[in-house]
file coords12.pdb (PDB, C-alpha atoms)
ATOM      1  CA  MET G1370       0.824  77.635  12.232
ATOM      2  CA  ASP G1371       2.084  75.741  15.288
ATOM      3  CA  LYS G1372       3.397  77.409  18.419
ATOM      4  CA  THR G1373       7.121  76.850  17.850
ATOM      5  CA  LYS G1374       7.045  78.024  14.271
ATOM      6  CA  ARG G1375       5.178  81.184  15.242
ATOM      7  CA  LEU G1376       7.643  81.870  18.063
ATOM      8  CA  VAL G1377      10.638  81.499  15.743
ATOM      9  CA  LEU G1378       9.025  83.672  13.081
ATOM     10  CA  LEU G1379       8.190  86.374  15.655
ATOM     11  CA  GLY G1380      11.778  86.344  16.939
ATOM     12  CA  LEU G1381      13.224  86.592  13.449
ATOM     13  CA  LEU G1382      10.923  89.450  12.496
ATOM     14  CA  VAL G1383      11.724  91.364  15.705
ATOM     15  CA  ALA G1384      15.459  90.944  15.046
ATOM     16  CA  MET G1385      15.146  92.111  11.440
ATOM     17  CA  ALA G1386      12.904  95.047  12.333
ATOM     18  CA  ALA G1387      15.227  96.193  15.141
ATOM     19  CA  ALA G1388      18.258  95.959  12.834
ATOM     20  CA  LEU G1389      16.470  97.966  10.145
ATOM     21  CA  HIS G1390      15.395 100.536  12.765
ATOM     22  CA  VAL G1391      19.023 101.026  13.881
ATOM     23  CA  VAL G1392      20.401 101.112  10.320
ATOM     24  CA  GLU G1393      17.777 103.629   9.303
ATOM     25  CA  SER G1394      18.591 106.007  12.154
ATOM     26  CA  GLN G1395      22.193 106.123  10.883
ATOM     27  CA  LEU G1396      21.185 106.650   7.265
ATOM     28  CA  PRO G1397      21.454 110.240   5.991
ATOM     29  CA  MET G1398      18.595 111.264   3.694
ATOM     30  CA  PRO G1399      19.528 113.473   0.717
ATOM     31  CA  VAL G1400      16.403 115.658   0.938
ATOM     32  CA  PRO G1401      15.972 119.269   2.079
ATOM     33  CA  VAL G1402      13.232 118.347   4.596
ATOM     34  CA  PRO G1403      14.628 117.229   7.977
ATOM     35  CA  GLY G1404      12.857 114.255   9.495
ATOM     36  CA  VAL G1405      12.161 112.321   6.282
ATOM     37  CA  LYS G1406      12.871 108.613   6.647
ATOM     38  CA  LEU G1407      12.621 105.579   4.386
ATOM     39  CA  GLY G1408      10.516 103.621   6.860
ATOM     40  CA  LEU G1409      12.531 100.421   6.438
ATOM     41  CA  ALA G1410      11.169  98.842   9.619
ATOM     42  CA  ASN G1411       7.714  99.305   8.145
ATOM     43  CA  ILE G1412       8.530  96.519   5.669
ATOM     44  CA  ILE G1413       8.558  94.111   8.608
ATOM     45  CA  SER G1414       5.340  95.513  10.077
ATOM     46  CA  LEU G1415       3.659  95.019   6.718
ATOM     47  CA  MET G1416       4.962  91.455   6.387
ATOM     48  CA  ALA G1417       3.859  90.664   9.934
ATOM     49  CA  ILE G1418       0.324  91.913   9.249
ATOM     50  CA  VAL G1419       0.118  89.712   6.168
ATOM     51  CA  MET G1420       1.689  86.589   7.690
ATOM     52  CA  LEU G1421       0.590  86.700  11.335
ATOM     53  CA  GLY G1422      -2.137  89.320  11.762
ATOM     54  CA  TRP G1423      -2.244  92.715  13.426
ATOM     55  CA  GLN G1424      -1.830  91.487  17.022
ATOM     56  CA  ASP G1425       1.563  89.971  16.296
ATOM     57  CA  ALA G1426       2.497  93.010  14.182
ATOM     58  CA  VAL G1427       1.855  95.173  17.272
ATOM     59  CA  TYR G1428       4.019  92.890  19.457
ATOM     60  CA  ILE G1429       6.827  93.091  16.898
ATOM     61  CA  ALA G1430       6.565  96.874  16.576
ATOM     62  CA  VAL G1431       6.655  97.408  20.366
ATOM     63  CA  ALA G1432       9.690  95.119  20.743
ATOM     64  CA  ARG G1433      11.359  96.693  17.704
ATOM     65  CA  VAL G1434      10.950 100.294  18.894
ATOM     66  CA  GLY G1435      12.135  99.294  22.378
ATOM     67  CA  ILE G1436      15.245  97.473  21.162
ATOM     68  CA  GLY G1437      15.920  99.962  18.355
ATOM     69  CA  SER G1438      15.856 103.013  20.607
ATOM     70  CA  LEU G1439      17.890 101.162  23.238
ATOM     71  CA  PHE G1440      20.657 100.891  20.634
ATOM     72  CA  GLY G1441      20.049 104.407  19.332
ATOM     73  CA  GLY G1442      20.215 105.885  22.848
ATOM     74  CA  SER G1443      16.757 107.454  22.697
ATOM     75  CA  LEU G1444      14.886 105.067  25.016
ATOM     76  CA  LEU G1445      11.895 106.808  26.642
ATOM     77  CA  GLY G1446      12.913 110.127  25.039
ATOM     78  CA  PRO G1447      10.690 112.139  22.680
ATOM     79  CA  ALA G1448      12.024 110.244  19.644
ATOM     80  CA  PHE G1449      10.974 106.987  21.323
ATOM     81  CA  PHE G1450       7.377 108.094  21.798
ATOM     82  CA  MET G1451       7.208 109.447  18.252
ATOM     83  CA  SER G1452       8.523 106.166  16.816
ATOM     84  CA  MET G1453       6.116 104.159  18.959
ATOM     85  CA  GLY G1454       3.088 106.328  18.138
ATOM     86  CA  GLY G1455       3.886 106.352  14.438
ATOM     87  CA  ALA G1456       4.495 102.613  14.295
ATOM     88  CA  LEU G1457       1.290 101.677  16.161
ATOM     89  CA  ALA G1458      -0.902 104.105  14.194
ATOM     90  CA  SER G1459       0.453 102.936  10.853
ATOM     91  CA  ILE G1460      -0.041  99.275  11.815
ATOM     92  CA  GLY G1461      -3.637 100.120  12.757
ATOM     93  CA  ILE G1462      -4.480 101.652   9.386
ATOM     94  CA  MET G1463      -2.492  99.087   7.384
ATOM     95  CA  ALA G1464      -4.198  96.153   9.124
ATOM     96  CA  TYR G1465      -7.610  97.763   8.566
ATOM     97  CA  ILE G1466      -6.971  98.350   4.848
ATOM     98  CA  TRP G1467      -5.416  94.889   4.422
ATOM     99  CA  ASN G1468      -8.329  93.111   6.112
ATOM    100  CA  ASN G1469     -11.127  95.062   4.441
ATOM    101  CA  TYR G1470      -9.868  96.279   1.056
ATOM    102  CA  ARG G1471      -7.343  93.611   0.104
ATOM    103  CA  GLY G1472      -8.280  93.391  -3.561
ATOM    104  CA  THR G1473      -8.716  97.118  -4.086
ATOM    105  CA  PHE G1474      -5.342  98.108  -2.699
ATOM    106  CA  SER G1475      -2.185  96.092  -3.265
ATOM    107  CA  LEU G1476       0.598  95.913  -0.679
ATOM    108  CA  ALA G1477       1.973  99.141  -2.177
ATOM    109  CA  GLY G1478      -1.327 100.912  -1.497
ATOM    110  CA  VAL G1479      -1.534  99.495   2.031
ATOM    111  CA  SER G1480       2.006 100.729   2.631
ATOM    112  CA  LEU G1481       1.093 104.194   1.278
ATOM    113  CA  PHE G1482      -1.693 104.410   3.868
ATOM    114  CA  GLY G1483       0.767 103.341   6.532
ATOM    115  CA  ALA G1484       3.373 105.922   5.511
ATOM    116  CA  ALA G1485       0.844 108.772   5.371
ATOM    117  CA  VAL G1486      -0.689 107.914   8.767
ATOM    118  CA  HIS G1487       2.799 107.449  10.241
ATOM    119  CA  ASN G1488       3.724 111.004   9.245
ATOM    120  CA  ILE G1489       0.407 112.490  10.367
ATOM    121  CA  THR G1490       0.711 110.826  13.790
ATOM    122  CA  GLN G1491       4.309 111.925  14.254
ATOM    123  CA  VAL G1492       3.618 115.559  13.344
ATOM    124  CA  ILE G1493       0.650 115.641  15.730
ATOM    125  CA  LEU G1494       2.774 114.066  18.504
ATOM    126  CA  ALA G1495       5.571 116.580  17.839
ATOM    127  CA  ALA G1496       3.073 119.477  17.917
ATOM    128  CA  VAL G1497       1.780 118.213  21.278
ATOM    129  CA  LEU G1498       5.319 117.734  22.638
ATOM    130  CA  VAL G1499       6.420 121.307  21.862
ATOM    131  CA  HIS G1500       2.935 122.849  22.450
ATOM    132  CA  SER G1501       2.949 124.415  18.995
ATOM    133  CA  LEU G1502       0.107 123.914  16.511
ATOM    134  CA  GLY G1503       2.126 125.741  13.835
ATOM    135  CA  LEU G1504       4.157 122.580  13.457
ATOM    136  CA  LEU G1505       1.241 121.050  11.544
ATOM    137  CA  TRP G1506       2.280 123.229   8.560
ATOM    138  CA  TYR G1507       5.191 120.850   8.226
ATOM    139  CA  LEU G1508       2.903 117.947   7.371
ATOM    140  CA  PRO G1509       2.451 118.612   3.599
ATOM    141  CA  TYR G1510       6.222 118.632   3.105
ATOM    142  CA  LEU G1511       6.481 115.263   4.856
ATOM    143  CA  LEU G1512       3.500 113.851   2.926
ATOM    144  CA  ILE G1513       5.217 114.522  -0.415
ATOM    145  CA  PHE G1514       8.042 112.251   0.638
ATOM    146  CA  ALA G1515       5.629 109.727   2.185
ATOM    147  CA  VAL G1516       4.483 108.724  -1.305
ATOM    148  CA  PRO G1517       7.831 107.505  -2.707
ATOM    149  CA  THR G1518       8.967 106.018   0.627
ATOM    150  CA  GLY G1519       5.576 104.331   1.165
ATOM    151  CA  LEU G1520       5.665 102.823  -2.316
ATOM    152  CA  PHE G1521       9.252 101.731  -1.717
ATOM    153  CA  THR G1522       8.419  99.819   1.475
ATOM    154  CA  GLY G1523       5.325  98.312  -0.166
ATOM    155  CA  PHE G1524       7.316  97.045  -3.128
ATOM    156  CA  ALA G1525      10.075  95.828  -0.817
ATOM    157  CA  ALA G1526       7.582  93.759   1.216
ATOM    158  CA  ASN G1527       6.067  92.403  -1.974
ATOM    159  CA  TYR G1528       9.504  91.478  -3.268
ATOM    160  CA  CYS G1529      10.306  89.714   0.013
ATOM    161  CA  PHE G1530       7.169  87.603  -0.327
ATOM    162  CA  ALA G1531       8.102  86.751  -3.908
ATOM    163  CA  LYS G1532      11.496  85.485  -2.740
ATOM    164  CA  VAL G1533      10.786  83.638   0.525
ATOM    165  CA  PRO G1534       9.803  79.970   0.370
ATOM    166  CA  GLY G1535       6.094  79.421  -0.147
ATOM    167  CA  ALA G1536       5.719  77.930   3.338
ATOM    168  CA  PHE G1537       4.048  81.132   4.561
ATOM    169  CA  GLY G1538       1.243  80.524   2.114
ATOM    170  CA  PHE G1539       1.144  84.089   0.844
ATOM    171  CA  LYS G1540       0.007  84.813  -2.687
ATOM    172  CA  ASN G1541      -0.401  88.268  -4.259
TER     173      ASN G1541
ATOM    174  CA  MET N 590       0.266  94.064  -8.100
ATOM    175  CA  PHE N 591      -0.081  97.835  -8.521
ATOM    176  CA  THR N 592      -3.810  98.491  -8.655
ATOM    177  CA  LYS N 593      -5.832 101.469  -9.889
ATOM    178  CA  ALA N 594      -6.792 102.371  -6.316
ATOM    179  CA  ASP N 595      -3.080 102.535  -5.428
ATOM    180  CA  LYS N 596      -2.500 105.067  -8.191
ATOM    181  CA  TYR N 597      -5.483 107.200  -7.131
ATOM    182  CA  LEU N 598      -4.276 107.100  -3.515
ATOM    183  CA  ALA N 599      -0.768 108.255  -4.525
ATOM    184  CA  VAL N 600      -2.173 111.050  -6.708
ATOM    185  CA  ILE N 601      -4.585 112.182  -3.954
ATOM    186  CA  LEU N 602      -1.795 112.241  -1.358
ATOM    187  CA  ILE N 603       0.509 114.289  -3.609
ATOM    188  CA  THR N 604      -2.314 116.685  -4.515
ATOM    189  CA  LEU N 605      -3.178 117.198  -0.830
ATOM    190  CA  ALA N 606       0.487 117.773  -0.017
ATOM    191  CA  PHE N 607       0.894 120.395  -2.735
ATOM    192  CA  LEU N 608      -2.364 122.078  -1.674
ATOM    193  CA  GLY N 609      -0.976 122.254   1.857
ATOM    194  CA  ILE N 610       2.325 123.677   0.671
ATOM    195  CA  GLY N 611       0.465 126.205  -1.502
ATOM    196  CA  LEU N 612      -1.606 127.314   1.488
ATOM    197  CA  ASN N 613       1.536 127.504   3.604
ATOM    198  CA  VAL N 614       3.382 129.648   1.032
ATOM    199  CA  TYR N 615       0.293 131.864   0.580
ATOM    200  CA  TYR N 616       0.020 132.284   4.323
ATOM    201  CA  ILE N 617       3.708 133.190   4.548
ATOM    202  CA  SER N 618       3.606 135.739   1.712
ATOM    203  CA  GLY N 619       0.479 137.380   3.179
ATOM    204  CA  ASP N 620       2.393 138.387   6.277
ATOM    205  CA  ASN N 621       5.194 140.229   4.517
ATOM    206  CA  GLY N 622       5.769 143.919   5.084
ATOM    207  CA  ARG N 623       4.774 143.894   8.719
ATOM    208  CA  GLU N 624       7.191 144.283  11.574
ATOM    209  CA  LYS N 625       8.578 140.854  12.426
ATOM    210  CA  SER N 626       9.869 139.473  15.664
ATOM    211  CA  VAL N 627      11.150 136.209  17.007
ATOM    212  CA  ALA N 628       9.731 134.315  19.949
ATOM    213  CA  VAL N 629      11.792 131.701  21.735
ATOM    214  CA  ILE N 630       9.528 129.165  23.386
ATOM    215  CA  VAL N 631      10.740 126.513  25.804
ATOM    216  CA  ASP N 632       8.264 123.894  27.050
ATOM    217  CA  GLY N 633       5.356 126.019  25.848
ATOM    218  CA  GLN N 634       6.557 129.140  27.702
ATOM    219  CA  ILE N 635       7.821 132.227  25.859
ATOM    220  CA  VAL N 636      11.218 132.900  27.408
ATOM    221  CA  LYS N 637      12.428 135.619  25.058
ATOM    222  CA  THR N 638      11.238 137.794  22.187
ATOM    223  CA  PHE N 639      13.324 140.110  20.082
ATOM    224  CA  PRO N 640      12.760 142.161  16.892
ATOM    225  CA  LEU N 641      13.897 140.761  13.582
ATOM    226  CA  ARG N 642      15.223 143.546  11.378
ATOM    227  CA  PRO N 643      18.387 144.384   9.418
ATOM    228  CA  GLY N 644      21.261 145.552  11.560
ATOM    229  CA  TYR N 645      19.997 143.822  14.675
ATOM    230  CA  THR N 646      22.509 141.083  15.415
ATOM    231  CA  GLY N 647      23.222 138.833  18.339
ATOM    232  CA  GLU N 648      23.052 135.463  19.971
ATOM    233  CA  PHE N 649      20.814 133.973  22.619
ATOM    234  CA  ARG N 650      21.770 130.949  24.646
ATOM    235  CA  ILE N 651      19.364 128.551  26.338
ATOM    236  CA  ASP N 652      20.658 126.253  29.033
ATOM    237  CA  GLY N 653      18.126 123.569  29.775
ATOM    238  CA  PRO N 654      18.288 120.638  32.146
ATOM    239  CA  HIS N 655      19.581 118.379  29.339
ATOM    240  CA  GLY N 656      21.832 120.635  27.273
ATOM    241  CA  TYR N 657      22.086 123.921  25.446
ATOM    242  CA  ASN N 658      20.915 125.698  22.306
ATOM    243  CA  VAL N 659      22.459 128.811  20.766
ATOM    244  CA  ILE N 660      20.178 130.945  18.605
ATOM    245  CA  GLU N 661      21.756 133.478  16.263
ATOM    246  CA  TYR N 662      19.853 136.417  14.729
ATOM    247  CA  LYS N 663      21.381 138.517  12.022
ATOM    248  CA  ASP N 664      20.041 140.912   9.361
ATOM    249  CA  GLY N 665      16.401 139.944   9.663
ATOM    250  CA  ARG N 666      17.004 136.210   9.822
ATOM    251  CA  VAL N 667      17.312 133.761  12.678
ATOM    252  CA  ARG N 668      18.789 130.283  12.969
ATOM    253  CA  MET N 669      19.816 127.659  15.491
ATOM    254  CA  LYS N 670      23.565 128.048  15.510
ATOM    255  CA  GLU N 671      24.582 125.394  17.995
ATOM    256  CA  ALA N 672      22.979 122.680  20.081
ATOM    257  CA  ASP N 673      24.138 119.507  21.749
ATOM    258  CA  CYS N 674      20.936 117.618  21.008
ATOM    259  CA  PRO N 675      21.371 114.154  19.442
ATOM    260  CA  ASP N 676      19.740 114.672  16.040
ATOM    261  CA  LYS N 677      20.717 118.286  15.149
ATOM    262  CA  ILE N 678      17.530 118.686  13.137
ATOM    263  CA  CYS N 679      17.139 122.214  14.521
ATOM    264  CA  ILE N 680      20.545 123.242  13.143
ATOM    265  CA  LEU N 681      19.844 121.612   9.776
ATOM    266  CA  SER N 682      16.661 123.690   9.503
ATOM    267  CA  GLY N 683      18.866 126.671   8.594
ATOM    268  CA  TRP N 684      17.856 130.334   8.501
ATOM    269  CA  ILE N 685      14.225 131.409   8.770
ATOM    270  CA  SER N 686      12.856 134.910   8.270
ATOM    271  CA  THR N 687       9.110 134.946   7.497
ATOM    272  CA  PRO N 688       6.129 134.117   9.715
ATOM    273  CA  PRO N 689       4.941 131.496  10.503
ATOM    274  CA  GLN N 690       8.229 129.688   9.915
ATOM    275  CA  GLN N 691       9.730 128.028  12.941
ATOM    276  CA  ILE N 692      12.666 125.956  14.057
ATOM    277  CA  VAL N 693      11.958 123.115  16.444
ATOM    278  CA  CYS N 694      14.399 121.333  18.714
ATOM    279  CA  LEU N 695      12.241 118.444  19.807
ATOM    280  CA  PRO N 696      14.602 116.812  22.344
ATOM    281  CA  TYR N 697      14.852 120.055  24.363
ATOM    282  CA  ARG N 698      11.285 121.271  23.624
ATOM    283  CA  VAL N 699      12.616 124.504  22.134
ATOM    284  CA  VAL N 700      10.670 126.356  19.428
ATOM    285  CA  VAL N 701      12.047 129.433  17.658
ATOM    286  CA  LYS N 702       9.179 131.138  15.870
ATOM    287  CA  VAL N 703       8.950 134.153  13.580
ATOM    288  CA  ILE N 704       5.847 136.184  14.404
ATOM    289  CA  ALA N 705       4.391 139.244  12.716
ATOM    290  CA  GLU N 706       4.144 141.694  15.583
ATOM    291  CA  ASN N 707       6.393 144.034  17.459
ATOM    292  CA  ALA N 708       8.623 142.586  20.104
ATOM    293  CA  THR N 709       8.261 144.029  23.546
ATOM    294  CA  ASP N 710      11.119 146.069  24.898
ATOM    295  CA  VAL N 711      11.419 144.112  28.116
ATOM    296  CA  ASP N 712      14.144 141.534  28.338
ATOM    297  CA  ASP N 713      12.178 138.622  29.711
ATOM    298  CA  ILE N 714       8.572 137.599  29.980
ATOM    299  CA  VAL N 715       7.482 135.208  32.675
ATOM    300  CA  ARG N 716       4.056 133.700  32.301
TER     301      ARG N 716
END

call {"tool": "encode", "arguments": {"input": "coords12.pdb", "output": "structure tokens"}}
result
Amino acid sequence: MDKTKRLVLLGLLVAMAAALHVVESQLPMPVPVPGVKLGLANIISLMAIVMLGWQDAVYIAVARVGIGSLFGGSLLGPAFFMSMGGALASIGIMAYIWNNYRGTFSLAGVSLFGAAVHNITQVILAAVLVHSLGLLWYLPYLLIFAVPTGLFTGFAANYCFAKVPGAFGFKN
Amino acid sequence: MFTKADKYLAVILITLAFLGIGLNVYYISGDNGREKSVAVIVDGQIVKTFPLRPGYTGEFRIDGPHGYNVIEYKDGRVRMKEADCPDKICILSGWISTPPQQIVCLPYRVVVKVIAENATDVDDIVR
């Protein structure tokens, strides 16, 4: 991929991820567990890992969380660090699974890993922030919802790849 | 596009989650019958404890550097009644009454925790 094309693609992905991040923070979730999110921006992280590799996925996630929390008004607050930590940790595990176990796990499986690790990281960060280990009891409730939301983002990414022009050279 | 390993992963995650919830519920039910109290923790410091029993009603206000929280306790239950934090997750948590349940207001670093021991009679504890 040449330099200009990569630059344009990066810019587009950052814009889409930031928009999804903002939309998601305004979206009410009809579940009894506070803190459950769809993980829409994770679709972009997943696509970036597949199309560009984990380094560019990290760039996009950092820019996305920065821009997204600037619009949401939570820049450098606790929510910012939890978004950042969750996003980076989930990109780490998703890139690892994608690079090493591509055939075994489909995009949906990779996304499941990402969703689970995202939740685990955020609960640990929250427990550290409020100095309360008891918060870890909250994790199983979040993990239950990580399965449907993780599958959702995985299928969404897969669907995106099925619809975009084949120029990215991705086949599943 | 949905492989066998994906299915196993989903099933394992759900099983682990339910195991965790089972443990949590078991842990909660094991603490029933003892005297309960509430600890209000700000930034890791206990700023207030009070007993949690029927007929003991009141409110406790925390004014932090960023904003405020109002905790209401009534008939053996406690909740976050008001707060001016951005996400209001603490208020949405609702009433809690059994240890080790807790309400967390992450933006203000406030934790309201139900603990299974007697509250001290002093008004404030400084550590």

call {"tool": "residues_around", "arguments": {"input": "coords12.pdb", "residues": "Leu1498 (chain G)", "least_positions_apart": "2", "cutoff": "10 Å", "atoms": "only C-alpha atoms", "output": "PyMOL selection string"}}
result
(chain G and resi 1447+1450-1451+1492-1496+1500-1501) or (chain N and resi 632-633+695-699)

call {"tool": "interface_residues", "arguments": {"input": "coords12.pdb", "of": "chain G", "to": "chain N", "cutoff": "6 Å", "atoms": "only C-alpha atoms", "output": "MDAnalysis selection string"}}
result
chainID G and resid 1474:1475 1478 1499:1500 1509 1512:1513

call {"tool": "write_last_selection", "arguments": {"input": "coords12.pdb", "atoms": "C-alpha atoms", "output": "PDB file, keeping the file's coordinate frame"}}
result
ATOM      1  CA  PHE G1474      -5.342  98.108  -2.699  1.00  0.00           C
ATOM      2  CA  SER G1475      -2.185  96.092  -3.265  1.00  0.00           C
ATOM      3  CA  GLY G1478      -1.327 100.912  -1.497  1.00  0.00           C
ATOM      4  CA  VAL G1499       6.420 121.307  21.862  1.00  0.00           C
ATOM      5  CA  HIS G1500       2.935 122.849  22.450  1.00  0.00           C
ATOM      6  CA  PRO G1509       2.451 118.612   3.599  1.00  0.00           C
ATOM      7  CA  LEU G1512       3.500 113.851   2.926  1.00  0.00           C
ATOM      8  CA  ILE G1513       5.217 114.522  -0.415  1.00  0.00           C
TER       9      ILE G1513
END

call {"tool": "resolve_selection", "arguments": {"input": "coords12.pdb", "expression": "the PyMOL selection byres ((chain G and resi 1382-1389) around 12)", "output": "PyMOL selection string"}}
result
chain G and resi 1375-1381+1390-1396+1406-1418+1420-1421+1425-1441+1456+1522

call {"tool": "resolve_selection", "arguments": {"input": "coords12.pdb", "expression": "the PyMOL selection byres ((chain N and resi 657) around 9)", "output": "list of chain:residue names"}}
result
N:Arg650, N:Ile651, N:Asp652, N:Gly653, N:Pro654, N:His655, N:Gly656, N:Asn658, N:Val659, N:Glu671, N:Ala672, N:Asp673, N:Cys674, N:Tyr697

call {"tool": "residues_around", "arguments": {"input": "coords12.pdb", "residues": "Arg666 (chain N)", "least_positions_apart": "3", "cutoff": "6 Å", "atoms": "only C-alpha atoms", "output": "PyMOL selection string"}}
result
chain N and resi 662-663+685-686

call {"tool": "atom_distance", "arguments": {"input": "coords12.pdb", "atom1": "CA of Ala1477 (chain G)", "atom2": "CA of Leu1520 (chain G)"}}
result
5.2 Å

call {"tool": "decode", "arguments": {"input": "coords12.pdb", "residues": "region 1470-1505 of chain G", "atoms": "C-alpha atoms", "output": "PDB file, in the first residue's frame"}}
result
ATOM      1  CA  TYR G1470      -4.714 -18.237  15.232  1.00  0.00           C
ATOM      2  CA  ARG G1471      -6.336 -16.792  12.120  1.00  0.00           C
ATOM      3  CA  GLY G1472      -7.848 -20.027  10.856  1.00  0.00           C
ATOM      4  CA  THR G1473      -8.975 -21.294  14.244  1.00  0.00           C
ATOM      5  CA  PHE G1474     -10.872 -18.174  15.218  1.00  0.00           C
ATOM      6  CA  SER G1475     -12.913 -16.127  12.769  1.00  0.00           C
ATOM      7  CA  LEU G1476     -13.290 -12.357  13.096  1.00  0.00           C
ATOM      8  CA  ALA G1477     -16.185 -13.021  15.492  1.00  0.00           C
ATOM      9  CA  GLY G1478     -13.896 -15.042  17.764  1.00  0.00           C
ATOM     10  CA  VAL G1479     -11.144 -12.416  17.581  1.00  0.00           C
ATOM     11  CA  SER G1480     -13.722  -9.789  18.514  1.00  0.00           C
ATOM     12  CA  LEU G1481     -14.933 -11.932  21.449  1.00  0.00           C
ATOM     13  CA  PHE G1482     -11.374 -11.985  22.808  1.00  0.00           C
ATOM     14  CA  GLY G1483     -11.201  -8.234  22.361  1.00  0.00           C
ATOM     15  CA  ALA G1484     -14.503  -7.620  24.154  1.00  0.00           C
ATOM     16  CA  ALA G1485     -13.605  -9.883  27.089  1.00  0.00           C
ATOM     17  CA  VAL G1486     -10.139  -8.337  27.547  1.00  0.00           C
ATOM     18  CA  HIS G1487     -11.628  -4.846  27.167  1.00  0.00           C
ATOM     19  CA  ASN G1488     -13.984  -5.504  30.082  1.00  0.00           C
ATOM     20  CA  ILE G1489     -11.325  -7.173  32.231  1.00  0.00           C
ATOM     21  CA  THR G1490      -8.936  -4.239  31.721  1.00  0.00           C
ATOM     22  CA  GLN G1491     -11.598  -1.649  32.477  1.00  0.00           C
ATOM     23  CA  VAL G1492     -12.749  -3.349  35.686  1.00  0.00           C
ATOM     24  CA  ILE G1493      -9.143  -3.649  36.875  1.00  0.00           C
ATOM     25  CA  LEU G1494      -8.505   0.032  36.028  1.00  0.00           C
ATOM     26  CA  ALA G1495     -11.706   1.043  37.849  1.00  0.00           C
ATOM     27  CA  ALA G1496     -10.711  -1.049  40.894  1.00  0.00           C
ATOM     28  CA  VAL G1497      -7.318   0.697  40.930  1.00  0.00           C
ATOM     29  CA  LEU G1498      -8.911   4.144  40.494  1.00  0.00           C
ATOM     30  CA  VAL G1499     -11.265   3.760  43.477  1.00  0.00           C
ATOM     31  CA  HIS G1500      -8.830   1.584  45.527  1.00  0.00           C
ATOM     32  CA  SER G1501     -11.441  -1.143  45.895  1.00  0.00           C
ATOM     33  CA  LEU G1502     -10.754  -4.771  44.968  1.00  0.00           C
ATOM     34  CA  GLY G1503     -14.421  -5.625  45.594  1.00  0.00           C
ATOM     35  CA  LEU G1504     -15.182  -4.021  42.261  1.00  0.00           C
ATOM     36  CA  LEU G1505     -13.780  -7.126  40.557  1.00  0.00           C
TER      37      LEU G1505
END
